[in-house]
>>> print(open('final08.pdb').read())   # PDB, C-alpha atoms
MODEL        1
ATOM      1  CA  MET P  18       0.000   0.000   0.000
ATOM      2  CA  ASP P  19       1.291   3.449  -0.966
ATOM      3  CA  LEU P  20       1.871   5.236   2.345
ATOM      4  CA  ASP P  21       2.008   8.635   0.631
ATOM      5  CA  ALA P  22      -1.520   7.974  -0.622
ATOM      6  CA  VAL P  23      -2.587   6.891   2.876
ATOM      7  CA  ARG P  24      -1.049  10.073   4.334
ATOM      8  CA  THR P  25      -2.908  12.149   1.751
ATOM      9  CA  PHE P  26      -6.190  10.392   2.574
ATOM     10  CA  VAL P  27      -5.768  11.163   6.298
ATOM     11  CA  ALA P  28      -4.897  14.804   5.565
ATOM     12  CA  ALA P  29      -7.985  15.179   3.347
ATOM     13  CA  ALA P  30     -10.199  13.490   5.949
ATOM     14  CA  ASP P  31      -8.918  15.855   8.633
ATOM     15  CA  ALA P  32      -9.154  18.985   6.471
ATOM     16  CA  GLY P  33     -12.471  18.191   4.761
ATOM     17  CA  GLN P  34     -11.138  19.840   1.609
ATOM     18  CA  PHE P  35      -8.709  18.538  -1.008
ATOM     19  CA  GLN P  36      -7.349  22.068  -1.404
ATOM     20  CA  ASP P  37      -6.581  22.389   2.305
ATOM     21  CA  ALA P  38      -4.986  18.927   2.314
ATOM     22  CA  ALA P  39      -2.783  19.975  -0.613
ATOM     23  CA  ALA P  40      -1.616  23.033   1.320
ATOM     24  CA  ALA P  41      -0.853  20.968   4.417
ATOM     25  CA  LEU P  42       1.201  18.489   2.392
ATOM     26  CA  SER P  43       2.849  21.133   0.149
ATOM     27  CA  ILE P  44       1.601  19.475  -3.029
ATOM     28  CA  THR P  45      -0.939  20.461  -5.673
ATOM     29  CA  GLN P  46      -4.654  19.796  -5.404
ATOM     30  CA  GLN P  47      -4.338  17.687  -8.561
ATOM     31  CA  ALA P  48      -1.731  15.506  -6.817
ATOM     32  CA  VAL P  49      -4.121  15.017  -3.879
ATOM     33  CA  SER P  50      -6.887  13.905  -6.262
ATOM     34  CA  LYS P  51      -4.557  11.498  -8.090
ATOM     35  CA  ARG P  52      -3.272   9.890  -4.895
ATOM     36  CA  ILE P  53      -6.730   9.357  -3.468
ATOM     37  CA  ALA P  54      -8.015   8.017  -6.800
ATOM     38  CA  ALA P  55      -5.129   5.531  -6.885
ATOM     39  CA  LEU P  56      -5.875   4.467  -3.282
ATOM     40  CA  GLU P  57      -9.573   4.009  -4.085
ATOM     41  CA  LYS P  58      -8.625   1.914  -7.096
ATOM     42  CA  ASP P  59      -6.296  -0.230  -4.962
ATOM     43  CA  LEU P  60      -8.961  -0.743  -2.267
ATOM     44  CA  GLU P  61     -11.813  -1.051  -4.824
ATOM     45  CA  VAL P  62     -14.038   1.319  -2.810
ATOM     46  CA  ARG P  63     -15.007   4.993  -2.775
ATOM     47  CA  LEU P  64     -13.449   6.852   0.159
ATOM     48  CA  PHE P  65     -14.901  10.335  -0.405
ATOM     49  CA  THR P  66     -17.982  11.924  -1.915
ATOM     50  CA  ARG P  67     -17.757  15.470  -3.245
ATOM     51  CA  THR P  68     -20.311  17.946  -1.908
ATOM     52  CA  ALA P  69     -20.745  21.703  -2.014
ATOM     53  CA  ARG P  70     -19.117  21.865   1.411
ATOM     54  CA  GLY P  71     -16.059  19.836   0.368
ATOM     55  CA  ALA P  72     -15.080  16.163   0.571
ATOM     56  CA  GLN P  73     -16.951  13.912   2.977
ATOM     57  CA  LEU P  74     -15.981  10.397   3.971
ATOM     58  CA  THR P  75     -18.088   7.542   2.719
ATOM     59  CA  VAL P  76     -18.995   4.639   5.008
ATOM     60  CA  ASP P  77     -15.935   2.801   3.650
ATOM     61  CA  GLY P  78     -13.799   5.898   4.190
ATOM     62  CA  GLN P  79     -14.934   6.104   7.810
ATOM     63  CA  ALA P  80     -14.108   2.409   8.294
ATOM     64  CA  PHE P  81     -10.662   2.817   6.734
ATOM     65  CA  LEU P  82      -9.642   6.021   8.585
ATOM     66  CA  PRO P  83      -8.547   4.506  11.966
ATOM     67  CA  HIS P  84      -6.534   1.846  10.154
ATOM     68  CA  ALA P  85      -4.916   4.516   7.959
ATOM     69  CA  ARG P  86      -3.871   6.446  11.066
ATOM     70  CA  GLU P  87      -2.396   3.267  12.577
ATOM     71  CA  LEU P  88      -0.438   2.597   9.364
ATOM     72  CA  LEU P  89       1.170   6.033   9.667
ATOM     73  CA  ARG P  90       1.961   5.478  13.348
ATOM     74  CA  VAL P  91       3.631   2.158  12.522
ATOM     75  CA  GLU P  92       5.618   3.855   9.744
ATOM     76  CA  ALA P  93       6.841   6.493  12.203
ATOM     77  CA  ARG P  94       7.830   3.852  14.767
ATOM     78  CA  ALA P  95       9.644   1.798  12.123
ATOM     79  CA  ASP P  96      11.567   4.867  10.978
ATOM     80  CA  ALA P  97      12.470   5.843  14.539
ATOM     81  CA  SER P  98      13.666   2.314  15.345
ATOM     82  CA  VAL P  99      16.657   2.619  13.014
ATOM     83  CA  ARG P 100      17.280   6.314  12.453
ATOM     84  CA  PRO P 101      20.249   7.564  14.536
ATOM     85  CA  GLY P 102      19.144  10.096  17.098
ATOM     86  CA  ARG P 103      15.571   8.860  17.009
ATOM     87  CA  ARG P 104      15.992   5.205  17.882
ATOM     88  CA  ALA P 105      17.007   4.124  21.367
ATOM     89  CA  LEU P 106      20.727   3.969  22.173
ATOM     90  CA  ARG P 107      21.469   0.259  22.646
ATOM     91  CA  VAL P 108      24.070  -0.311  25.375
ATOM     92  CA  ASP P 109      25.409  -3.555  26.861
ATOM     93  CA  VAL P 110      26.170  -3.480  30.598
ATOM     94  CA  HIS P 111      27.049  -7.194  30.959
ATOM     95  CA  SER P 112      25.232  -7.295  34.326
ATOM     96  CA  ARG P 113      22.546  -5.051  35.762
ATOM     97  CA  ARG P 114      24.177  -5.337  39.218
ATOM     98  CA  THR P 115      27.524  -3.712  38.405
ATOM     99  CA  ALA P 116      28.948  -0.191  38.059
ATOM    100  CA  PRO P 117      28.160   0.306  34.336
ATOM    101  CA  ALA P 118      24.457  -0.322  34.965
ATOM    102  CA  VAL P 119      24.472   2.005  37.981
ATOM    103  CA  LEU P 120      26.167   4.828  36.058
ATOM    104  CA  LEU P 121      23.980   4.268  32.993
ATOM    105  CA  GLN P 122      20.975   4.758  35.266
ATOM    106  CA  ASP P 123      22.558   8.027  36.469
ATOM    107  CA  PHE P 124      22.915   9.062  32.817
ATOM    108  CA  HIS P 125      19.236   8.305  32.242
ATOM    109  CA  ARG P 126      18.293  10.506  35.206
ATOM    110  CA  ALA P 127      20.412  13.333  33.779
ATOM    111  CA  TYR P 128      19.024  12.912  30.237
ATOM    112  CA  PRO P 129      15.542  11.397  30.622
ATOM    113  CA  ARG P 130      14.572  12.241  27.038
ATOM    114  CA  ILE P 131      17.317  10.050  25.577
ATOM    115  CA  GLU P 132      15.842   6.618  24.996
ATOM    116  CA  LEU P 133      18.008   3.731  26.170
ATOM    117  CA  ASP P 134      17.828   0.046  25.310
ATOM    118  CA  VAL P 135      19.856  -1.607  28.088
ATOM    119  CA  VAL P 136      20.955  -5.168  27.263
ATOM    120  CA  THR P 137      23.087  -7.760  29.050
ATOM    121  CA  LEU P 138      25.351  -9.948  26.935
ATOM    122  CA  LEU P 139      26.018 -12.150  29.953
ATOM    123  CA  ASP P 140      28.267 -14.700  28.278
ATOM    124  CA  ALA P 141      30.295 -12.158  26.318
ATOM    125  CA  ASP P 142      33.853 -11.253  27.258
ATOM    126  CA  VAL P 143      35.512  -8.138  25.864
ATOM    127  CA  HIS P 144      36.240  -9.833  22.515
ATOM    128  CA  ALA P 145      32.665 -11.005  21.944
ATOM    129  CA  ALA P 146      31.220  -7.685  23.103
ATOM    130  CA  THR P 147      33.599  -5.733  20.850
ATOM    131  CA  ALA P 148      32.564  -7.942  17.928
ATOM    132  CA  ALA P 149      28.916  -7.082  18.675
ATOM    133  CA  VAL P 150      29.766  -3.366  18.595
ATOM    134  CA  GLU P 151      31.685  -3.797  15.340
ATOM    135  CA  ALA P 152      28.758  -5.689  13.797
ATOM    136  CA  GLY P 153      26.277  -2.999  14.889
ATOM    137  CA  THR P 154      24.283  -5.310  17.155
ATOM    138  CA  ILE P 155      24.831  -2.824  19.987
ATOM    139  CA  ASP P 156      25.975   0.799  20.013
ATOM    140  CA  ALA P 157      28.332   0.496  22.974
ATOM    141  CA  THR P 158      29.516  -1.832  25.710
ATOM    142  CA  PHE P 159      31.474  -1.641  28.980
ATOM    143  CA  HIS P 160      34.546  -3.826  29.530
ATOM    144  CA  ALA P 161      38.129  -3.720  30.701
ATOM    145  CA  VAL P 162      40.330  -3.357  27.618
ATOM    146  CA  THR P 163      43.470  -5.417  28.102
ATOM    147  CA  VAL P 164      45.055  -4.882  24.668
ATOM    148  CA  ALA P 165      46.597  -1.825  23.012
ATOM    149  CA  PRO P 166      44.494   0.077  20.416
ATOM    150  CA  PRO P 167      46.476  -1.245  17.400
ATOM    151  CA  GLN P 168      45.214  -4.725  18.289
ATOM    152  CA  LEU P 169      41.561  -3.638  18.170
ATOM    153  CA  PRO P 170      39.455  -3.549  14.969
ATOM    154  CA  ALA P 171      40.104  -0.360  12.990
ATOM    155  CA  ALA P 172      36.640   1.141  13.564
ATOM    156  CA  ILE P 173      36.590   0.493  17.328
ATOM    157  CA  ARG P 174      37.283   3.266  19.829
ATOM    158  CA  THR P 175      37.624   2.992  23.599
ATOM    159  CA  ALA P 176      37.748   5.406  26.527
ATOM    160  CA  ARG P 177      38.372   4.545  30.155
ATOM    161  CA  VAL P 178      35.317   5.939  31.933
ATOM    162  CA  ILE P 179      35.017   4.016  35.233
ATOM    163  CA  ASP P 180      37.576   3.315  37.940
ATOM    164  CA  GLU P 181      35.795   0.795  40.132
ATOM    165  CA  HIS P 182      37.126   0.447  43.680
ATOM    166  CA  HIS P 183      36.822  -2.798  45.615
ATOM    167  CA  GLU P 184      35.086  -3.809  48.804
ATOM    168  CA  PHE P 185      35.810  -6.949  50.834
ATOM    169  CA  LEU P 186      32.476  -8.711  51.351
ATOM    170  CA  VAL P 187      32.393 -10.844  54.512
ATOM    171  CA  GLY P 188      29.997 -12.426  56.994
ATOM    172  CA  PRO P 189      29.672 -11.257  60.618
ATOM    173  CA  SER P 190      31.967 -13.984  62.014
ATOM    174  CA  HIS P 191      34.884 -13.244  59.667
ATOM    175  CA  ALA P 192      38.051 -11.878  61.303
ATOM    176  CA  LEU P 193      37.903  -8.664  59.245
ATOM    177  CA  ALA P 194      34.150  -8.082  59.587
ATOM    178  CA  ASN P 195      34.492  -5.155  61.991
ATOM    179  CA  GLU P 196      37.292  -3.299  60.210
ATOM    180  CA  ARG P 197      36.483   0.158  58.793
ATOM    181  CA  THR P 198      38.905  -0.420  55.901
ATOM    182  CA  VAL P 199      41.370  -3.144  54.957
ATOM    183  CA  THR P 200      44.571  -3.071  52.927
ATOM    184  CA  PRO P 201      45.502  -5.554  50.197
ATOM    185  CA  ALA P 202      48.279  -6.774  52.515
ATOM    186  CA  GLN P 203      45.681  -7.703  55.154
ATOM    187  CA  LEU P 204      43.800  -9.800  52.608
ATOM    188  CA  ALA P 205      46.815 -12.006  51.926
ATOM    189  CA  ASP P 206      45.975 -14.252  54.878
ATOM    190  CA  HIS P 207      42.341 -14.776  53.871
ATOM    191  CA  ARG P 208      40.658 -16.891  51.225
ATOM    192  CA  ILE P 209      38.876 -14.866  48.543
ATOM    193  CA  TRP P 210      36.190 -16.977  46.927
ATOM    194  CA  MET P 211      35.244 -16.123  43.326
ATOM    195  CA  PRO P 212      33.811 -19.326  41.802
ATOM    196  CA  GLY P 213      33.019 -19.650  38.136
ATOM    197  CA  MET P 214      35.471 -17.021  36.830
ATOM    198  CA  ALA P 215      36.533 -18.279  33.413
ATOM    199  CA  ALA P 216      40.241 -18.350  32.606
ATOM    200  CA  GLY P 217      41.409 -15.978  29.880
ATOM    201  CA  THR P 218      38.689 -13.354  30.416
ATOM    202  CA  GLU P 219      39.593  -9.764  31.265
ATOM    203  CA  TRP P 220      38.295 -10.404  34.803
ATOM    204  CA  ALA P 221      40.605 -13.378  35.265
ATOM    205  CA  LEU P 222      43.584 -11.428  33.891
ATOM    206  CA  TYR P 223      42.892  -8.595  36.325
ATOM    207  CA  TYR P 224      42.499 -10.796  39.409
ATOM    208  CA  ASP P 225      45.508 -12.940  38.480
ATOM    209  CA  GLU P 226      47.685  -9.825  38.385
ATOM    210  CA  LEU P 227      46.113  -8.457  41.582
ATOM    211  CA  ALA P 228      46.773 -11.755  43.391
ATOM    212  CA  ALA P 229      50.381 -11.826  42.204
ATOM    213  CA  ALA P 230      50.978  -8.209  43.262
ATOM    214  CA  PHE P 231      49.774  -8.681  46.846
ATOM    215  CA  GLY P 232      50.131 -12.415  47.483
ATOM    216  CA  LEU P 233      46.374 -13.006  47.564
ATOM    217  CA  THR P 234      44.652 -16.376  47.423
ATOM    218  CA  ILE P 235      41.770 -16.150  44.975
ATOM    219  CA  ASP P 236      39.849 -19.424  44.877
ATOM    220  CA  ARG P 237      37.968 -20.026  41.611
ATOM    221  CA  VAL P 238      37.206 -23.678  42.326
ATOM    222  CA  GLY P 239      33.646 -24.929  42.033
ATOM    223  CA  PRO P 240      30.580 -24.047  39.962
ATOM    224  CA  HIS P 241      28.868 -20.701  40.402
ATOM    225  CA  PHE P 242      25.263 -21.282  41.470
ATOM    226  CA  GLY P 243      24.378 -17.584  41.430
ATOM    227  CA  ASN P 244      24.923 -14.583  43.662
ATOM    228  CA  GLU P 245      22.178 -15.604  46.090
ATOM    229  CA  VAL P 246      23.963 -18.873  46.904
ATOM    230  CA  LEU P 247      27.344 -17.138  47.074
ATOM    231  CA  LEU P 248      26.070 -14.565  49.591
ATOM    232  CA  ALA P 249      24.392 -17.222  51.718
ATOM    233  CA  GLU P 250      27.618 -19.245  51.913
ATOM    234  CA  ILE P 251      29.702 -16.186  52.852
ATOM    235  CA  ALA P 252      27.188 -15.073  55.492
ATOM    236  CA  ASP P 253      27.438 -18.458  57.212
ATOM    237  CA  SER P 254      31.235 -18.772  57.116
ATOM    238  CA  ALA P 255      34.098 -17.383  59.200
ATOM    239  CA  GLN P 256      36.637 -18.074  56.417
ATOM    240  CA  LEU P 257      34.910 -17.323  53.098
ATOM    241  CA  ALA P 258      34.887 -13.811  51.637
ATOM    242  CA  THR P 259      34.807 -12.254  48.191
ATOM    243  CA  LEU P 260      35.652  -9.015  46.416
ATOM    244  CA  ALA P 261      32.932  -6.803  44.956
ATOM    245  CA  GLY P 262      32.900  -3.472  43.174
ATOM    246  CA  GLU P 263      31.868  -0.628  45.457
ATOM    247  CA  ARG P 264      28.936   0.191  43.173
ATOM    248  CA  THR P 265      27.852  -3.420  42.714
ATOM    249  CA  ARG P 266      24.239  -3.839  43.796
ATOM    250  CA  TYR P 267      23.630  -6.883  45.982
ATOM    251  CA  LEU P 268      20.519  -7.672  48.005
ATOM    252  CA  TRP P 269      20.441 -10.077  50.956
ATOM    253  CA  PRO P 270      18.256 -10.724  54.017
ATOM    254  CA  ASP P 271      19.013  -8.635  57.118
ATOM    255  CA  SER P 272      19.721 -11.848  59.009
ATOM    256  CA  TYR P 273      22.884 -12.378  56.886
ATOM    257  CA  ASP P 274      24.499  -9.270  58.450
ATOM    258  CA  LEU P 275      27.042  -9.120  55.623
ATOM    259  CA  ARG P 276      29.702  -6.390  55.770
ATOM    260  CA  ARG P 277      31.172  -4.408  52.850
ATOM    261  CA  VAL P 278      34.655  -3.255  53.899
ATOM    262  CA  PRO P 279      36.468  -0.799  51.552
ATOM    263  CA  VAL P 280      39.934  -1.888  50.361
ATOM    264  CA  ARG P 281      42.418   1.006  50.587
ATOM    265  CA  ASP P 282      46.147   1.920  50.799
ATOM    266  CA  PRO P 283      46.464   1.223  47.970
ATOM    267  CA  ALA P 284      42.976   0.907  46.565
ATOM    268  CA  PRO P 285      42.831  -1.719  43.794
ATOM    269  CA  VAL P 286      40.950  -0.199  40.859
ATOM    270  CA  TYR P 287      39.233  -2.166  38.119
ATOM    271  CA  PRO P 288      39.409   0.022  34.972
ATOM    272  CA  ILE P 289      36.305  -0.147  32.764
ATOM    273  CA  SER P 290      36.159   1.357  29.290
ATOM    274  CA  LEU P 291      33.301   2.364  27.042
ATOM    275  CA  ILE P 292      33.678   0.694  23.637
ATOM    276  CA  TRP P 293      31.973   2.034  20.490
ATOM    277  CA  ARG P 294      32.364   2.341  16.711
ATOM    278  CA  ASP P 295      34.060   5.489  15.480
ATOM    279  CA  ASP P 296      31.561   5.839  12.620
ATOM    280  CA  ASN P 297      28.416   5.401  14.753
ATOM    281  CA  PRO P 298      26.405   8.626  14.167
ATOM    282  CA  HIS P 299      24.048   8.289  17.142
ATOM    283  CA  PRO P 300      24.221  11.714  18.881
ATOM    284  CA  ALA P 301      23.576  10.238  22.345
ATOM    285  CA  LEU P 302      26.930   8.419  22.248
ATOM    286  CA  GLY P 303      28.850  11.660  22.715
ATOM    287  CA  LYS P 304      26.620  12.719  25.585
ATOM    288  CA  LEU P 305      27.134   9.334  27.257
ATOM    289  CA  ARG P 306      30.948   9.551  26.925
ATOM    290  CA  ASP P 307      31.038  13.102  28.293
ATOM    291  CA  HIS P 308      28.754  12.182  31.194
ATOM    292  CA  LEU P 309      30.849   9.188  32.219
ATOM    293  CA  THR P 310      34.210  10.930  31.765
ATOM    294  CA  SER P 311      33.132  13.853  33.946
ATOM    295  CA  ARG P 312      32.357  11.434  36.789
ATOM    296  CA  ARG P 313      35.664   9.552  36.660
ATOM    297  CA  VAL P 314      37.413  11.599  39.327
ATOM    298  CA  SER P 315      39.919  10.190  41.836
ATOM    299  CA  ALA P 316      40.142  11.499  45.376
ATOM    300  CA  PRO P 317      43.111  13.910  45.843
ATOM    301  CA  GLY P 318      46.210  12.052  47.007
ATOM    302  CA  GLU P 319      44.513   8.649  46.862
ATOM    303  CA  GLN P 320      46.855   5.714  46.408
ATOM    304  CA  VAL P 321      45.544   3.272  43.806
ATOM    305  CA  TRP P 322      46.743   0.080  42.211
ATOM    306  CA  LEU P 323      46.081  -0.575  38.521
ATOM    307  CA  PRO P 324      46.916  -3.632  36.397
ATOM    308  CA  SER P 325      49.886  -3.204  34.091
ATOM    309  CA  TRP P 326      47.749  -2.873  30.963
ATOM    310  CA  ALA P 327      45.876   0.134  32.411
ATOM    311  CA  ARG P 328      48.838   2.145  33.669
ATOM    312  CA  PRO P 329      49.883   5.318  31.801
TER     313      PRO P 329
ENDMDL
END
>>> encode(input="final08.pdb", output="structure tokens")
Amino acid sequence: MDLDAVRTFVAAADAGQFQDAAAALSITQQAVSKRIAALEKDLEVRLFTRTARGAQLTVDGQAFLPHARELLRVEARADASVRPGRRALRVDVHSRRTAPAVLLQDFHRAYPRIELDVVTLLDADVHAATAAVEAGTIDATFHAVTVAPPQLPAAIRTARVIDEHHEFLVGPSHALANERTVTPAQLADHRIWMPGMAAGTEWALYYDELAAAFGLTIDRVGPHFGNEVLLAEIADSAQLATLAGERTRYLWPDSYDLRRVPVRDPAPVYPISLIWRDDNPHPALGKLRDHLTSRRVSAPGEQVWLPSWARP
């Protein structure tokens, strides 16, 4: 069906005059007549009758009008779904519990008119997520970038936008449960349980280097049955503990009495980058980068530890 003809029919129905419809559409009255005649021929019905007072809808025209309006609404939605600046910005946060999701929510509060499509490519490491950005499946993703730019696809750009500090998550009977802060050196004598972390991922590379730098014992043995099970085990143990990002959102029953103890002096920082295509024209991408960069501010004089691939 010719959508220009449908649009002309709706304009004529609203105006009640072919001449007024022509003015509204910036076409000639003859063009209005031709489009409506072609639509009537296609539908095999009369849509208007001419009277001294203008053009009036026939019974068939009245029946067709709500469907014609819906066709135009669907056309507008289809156009907006793919047109940069009008479609939603599609961003992968890997997990809705972690810092990227929290900061993306802050961005939404600051720019509520920018539509966001927040997705979670849960099984994707930085390589798979970057491939999704390159293919155009998503507009951007958040990951630690462990390789130099020359090793990335030519169209891919990255910017470090989040420095995520760590907290030591322990149950009430753990030896460090009542500390206000702990140092990485203090953690060397305690088992850090992080089951299910796959070897070769950017997370594993980071924690391997962190463990080597401070003599930590990071236990990855055993299947990961989900955060709920992990928290329950830690709450009931005097030995088990784990590391979590300070902006990671966990929920647990009050009876667990879990403690989140900041790790400082130095503060291990997990560097997270925004990854996008250089030729992506979506205008919200620039606003998102600026918003995140402006919030990546370190405390004056703070001592931090970064993995080797994130150091200047």
>>> closest_residue(input="final08.pdb", among="P:Glu57, P:Asp21, P:Asp274, P:Asp295", to="P:Asn195", atoms="all atoms listed in the file")
P:Asp274
>>> resolve_selection(input="final08.pdb", expression="the PyMOL selection byres ((chain P and resi 144) around 12)", output="list in words")
Leu138, Asp140, Ala141, Asp142, Val143, Ala145, Ala146, Thr147, Ala148, Ala149, Val150, Glu151, Thr158, Phe159, His160, Ala161, Val162, Thr163, Val164, Gln168, Leu169, Pro170, Ile173, Gly217, Thr218, Glu219 and Ile292 of chain P
>>> write_last_selection(input="final08.pdb", atoms="C-alpha atoms", output="PDB file, in the coordinates of the input")
ATOM      1  CA  LEU P 138      25.351  -9.948  26.935  1.00  0.00           C
ATOM      2  CA  ASP P 140      28.267 -14.700  28.278  1.00  0.00           C
ATOM      3  CA  ALA P 141      30.295 -12.158  26.318  1.00  0.00           C
ATOM      4  CA  ASP P 142      33.853 -11.253  27.258  1.00  0.00           C
ATOM      5  CA  VAL P 143      35.512  -8.138  25.864  1.00  0.00           C
ATOM      6  CA  ALA P 145      32.665 -11.005  21.944  1.00  0.00           C
ATOM      7  CA  ALA P 146      31.220  -7.685  23.103  1.00  0.00           C
ATOM      8  CA  THR P 147      33.599  -5.733  20.850  1.00  0.00           C
ATOM      9  CA  ALA P 148      32.564  -7.942  17.928  1.00  0.00           C
ATOM     10  CA  ALA P 149      28.916  -7.082  18.675  1.00  0.00           C
ATOM     11  CA  VAL P 150      29.766  -3.366  18.595  1.00  0.00           C
ATOM     12  CA  GLU P 151      31.685  -3.797  15.340  1.00  0.00           C
ATOM     13  CA  THR P 158      29.516  -1.832  25.710  1.00  0.00           C
ATOM     14  CA  PHE P 159      31.474  -1.641  28.980  1.00  0.00           C
ATOM     15  CA  HIS P 160      34.546  -3.826  29.530  1.00  0.00           C
ATOM     16  CA  ALA P 161      38.129  -3.720  30.701  1.00  0.00           C
ATOM     17  CA  VAL P 162      40.330  -3.357  27.618  1.00  0.00           C
ATOM     18  CA  THR P 163      43.470  -5.417  28.102  1.00  0.00           C
ATOM     19  CA  VAL P 164      45.055  -4.882  24.668  1.00  0.00           C
ATOM     20  CA  GLN P 168      45.214  -4.725  18.289  1.00  0.00           C
ATOM     21  CA  LEU P 169      41.561  -3.638  18.170  1.00  0.00           C
ATOM     22  CA  PRO P 170      39.455  -3.549  14.969  1.00  0.00           C
ATOM     23  CA  ILE P 173      36.590   0.493  17.328  1.00  0.00           C
ATOM     24  CA  GLY P 217      41.409 -15.978  29.880  1.00  0.00           C
ATOM     25  CA  THR P 218      38.689 -13.354  30.416  1.00  0.00           C
ATOM     26  CA  GLU P 219      39.593  -9.764  31.265  1.00  0.00           C
ATOM     27  CA  ILE P 292      33.678   0.694  23.637  1.00  0.00           C
TER      28      ILE P 292
END
>>> resolve_selection(input="final08.pdb", expression="the PyMOL selection byres ((chain P and resi 235-240) around 10)", output="compact mmCIF listing (two decimals) with C-alpha atoms, in the coordinates of the input")
# COMPACT_ATOMS: atom_id res chain seq x y z
CA ALA P 205 46.82 -12.01 51.93
CA HIS P 207 42.34 -14.78 53.87
CA ARG P 208 40.66 -16.89 51.22
CA ILE P 209 38.88 -14.87 48.54
CA TRP P 210 36.19 -16.98 46.93
CA MET P 211 35.24 -16.12 43.33
CA PRO P 212 33.81 -19.33 41.80
CA GLY P 213 33.02 -19.65 38.14
CA MET P 214 35.47 -17.02 36.83
CA ALA P 215 36.53 -18.28 33.41
CA ALA P 216 40.24 -18.35 32.61
CA ALA P 221 40.60 -13.38 35.26
CA TYR P 224 42.50 -10.80 39.41
CA ASP P 225 45.51 -12.94 38.48
CA LEU P 227 46.11 -8.46 41.58
CA ALA P 228 46.77 -11.76 43.39
CA GLY P 232 50.13 -12.42 47.48
CA LEU P 233 46.37 -13.01 47.56
CA THR P 234 44.65 -16.38 47.42
CA HIS P 241 28.87 -20.70 40.40
CA PHE P 242 25.26 -21.28 41.47
CA GLY P 243 24.38 -17.58 41.43
CA LEU P 257 34.91 -17.32 53.10
CA ALA P 258 34.89 -13.81 51.64
CA THR P 259 34.81 -12.25 48.19
CA LEU P 260 35.65 -9.02 46.42
>>> closest_residue(input="final08.pdb", among="P:Thr75, P:Thr45, P:Thr66, P:Thr115", to="P:Ile179", atoms="all atoms listed in the file")
P:Thr115
>>> residues_around(input="final08.pdb", residues="P:Gln34", least_positions_apart="6", cutoff="9 Å", atoms="all atoms listed in the file", output="ChimeraX atom specification")
/P:28,70-73
>>> resolve_selection(input="final08.pdb", expression="the PyMOL selection byres ((chain P and resi 308) around 10)", output="PyMOL selection string")
chain P and resi 120-121+123-124+127-128+178+302-307+309-313
>>> residues_around(input="final08.pdb", residues="P:Ser50", least_positions_apart="4", cutoff="10 Å", atoms="only C-alpha atoms", output="count of residues only")
12
>>> atom_distance(input="final08.pdb", atom1="atom CA of P:Ala301", atom2="atom CA of P:Thr154")
16.4 Å
>>> residues_around(input="final08.pdb", residues="stretch 281-283 of chain P", least_positions_apart="4", cutoff="8 Å", atoms="only C-alpha atoms", output="ChimeraX atom specification")
/P:198-201,319-322
>>> closest_residue(input="final08.pdb", among="P:Glu245, P:Asp31, P:Glu263, P:Asp77", to="P:His182", atoms="only C-alpha atoms")
P:Glu263
>>> atom_distance(input="final08.pdb", atom1="atom CA of P:Tyr223", atom2="atom CA of P:Pro324")
6.4 Å
>>> axis_aligned_box(input="final08.pdb", around="stretch 266-269 of chain P", padding_each_side="5 Å", output="lines of an AutoDock Vina configuration file")
center_x = 22.3
center_y = -7.0
center_z = 47.4
size_x = 13.8
size_y = 16.2
size_z = 17.2
>>> closest_atom_pairs(input="final08.pdb", of="stretch 173-212 of chain P", to="stretch 247-256 of chain P", cutoff="8 Å", atoms="all atoms listed in the file", output="tab-separated table")
residue	atom	partner	partner_atom	distance
P:Val187	CA	P:Ile251	CA	6.2
P:Gly188	CA	P:Ala252	CA	4.1
P:Pro189	CA	P:Ala252	CA	6.9
P:Ser190	CA	P:Ala255	CA	4.9
P:His191	CA	P:Ala255	CA	4.2
P:Ala192	CA	P:Ala255	CA	7.1
P:His207	CA	P:Gln256	CA	7.1
P:Arg208	CA	P:Gln256	CA	6.7
>>> write_last_selection(input="final08.pdb", atoms="C-alpha atoms", output="tab-separated table (two decimals), in the coordinates of the input")
chain	number	residue	atom	x	y	z
P	187	VAL	CA	32.39	-10.84	54.51
P	188	GLY	CA	30.00	-12.43	56.99
P	189	PRO	CA	29.67	-11.26	60.62
P	190	SER	CA	31.97	-13.98	62.01
P	191	HIS	CA	34.88	-13.24	59.67
P	192	ALA	CA	38.05	-11.88	61.30
P	207	HIS	CA	42.34	-14.78	53.87
P	208	ARG	CA	40.66	-16.89	51.22
>>> closest_residue(input="final08.pdb", among="P:Glu92, P:Asp180, P:Asp156, P:Asp59", to="P:Ala116", atoms="all atoms listed in the file")
P:Asp180
>>> closest_residue(input="final08.pdb", among="P:Asp96, P:Asp206, P:Glu196, P:Glu184", to="P:Val286", atoms="all atoms listed in the file")
P:Glu184
>>> atom_distance(input="final08.pdb", atom1="atom CA of P:Leu89", atom2="atom CA of P:Thr68")
27.2 Å
>>> closest_residue(input="final08.pdb", among="P:Arg67, P:Leu133, P:Pro166, P:Ala40", to="P:Asp109", atoms="all atoms listed in the file")
P:Leu133
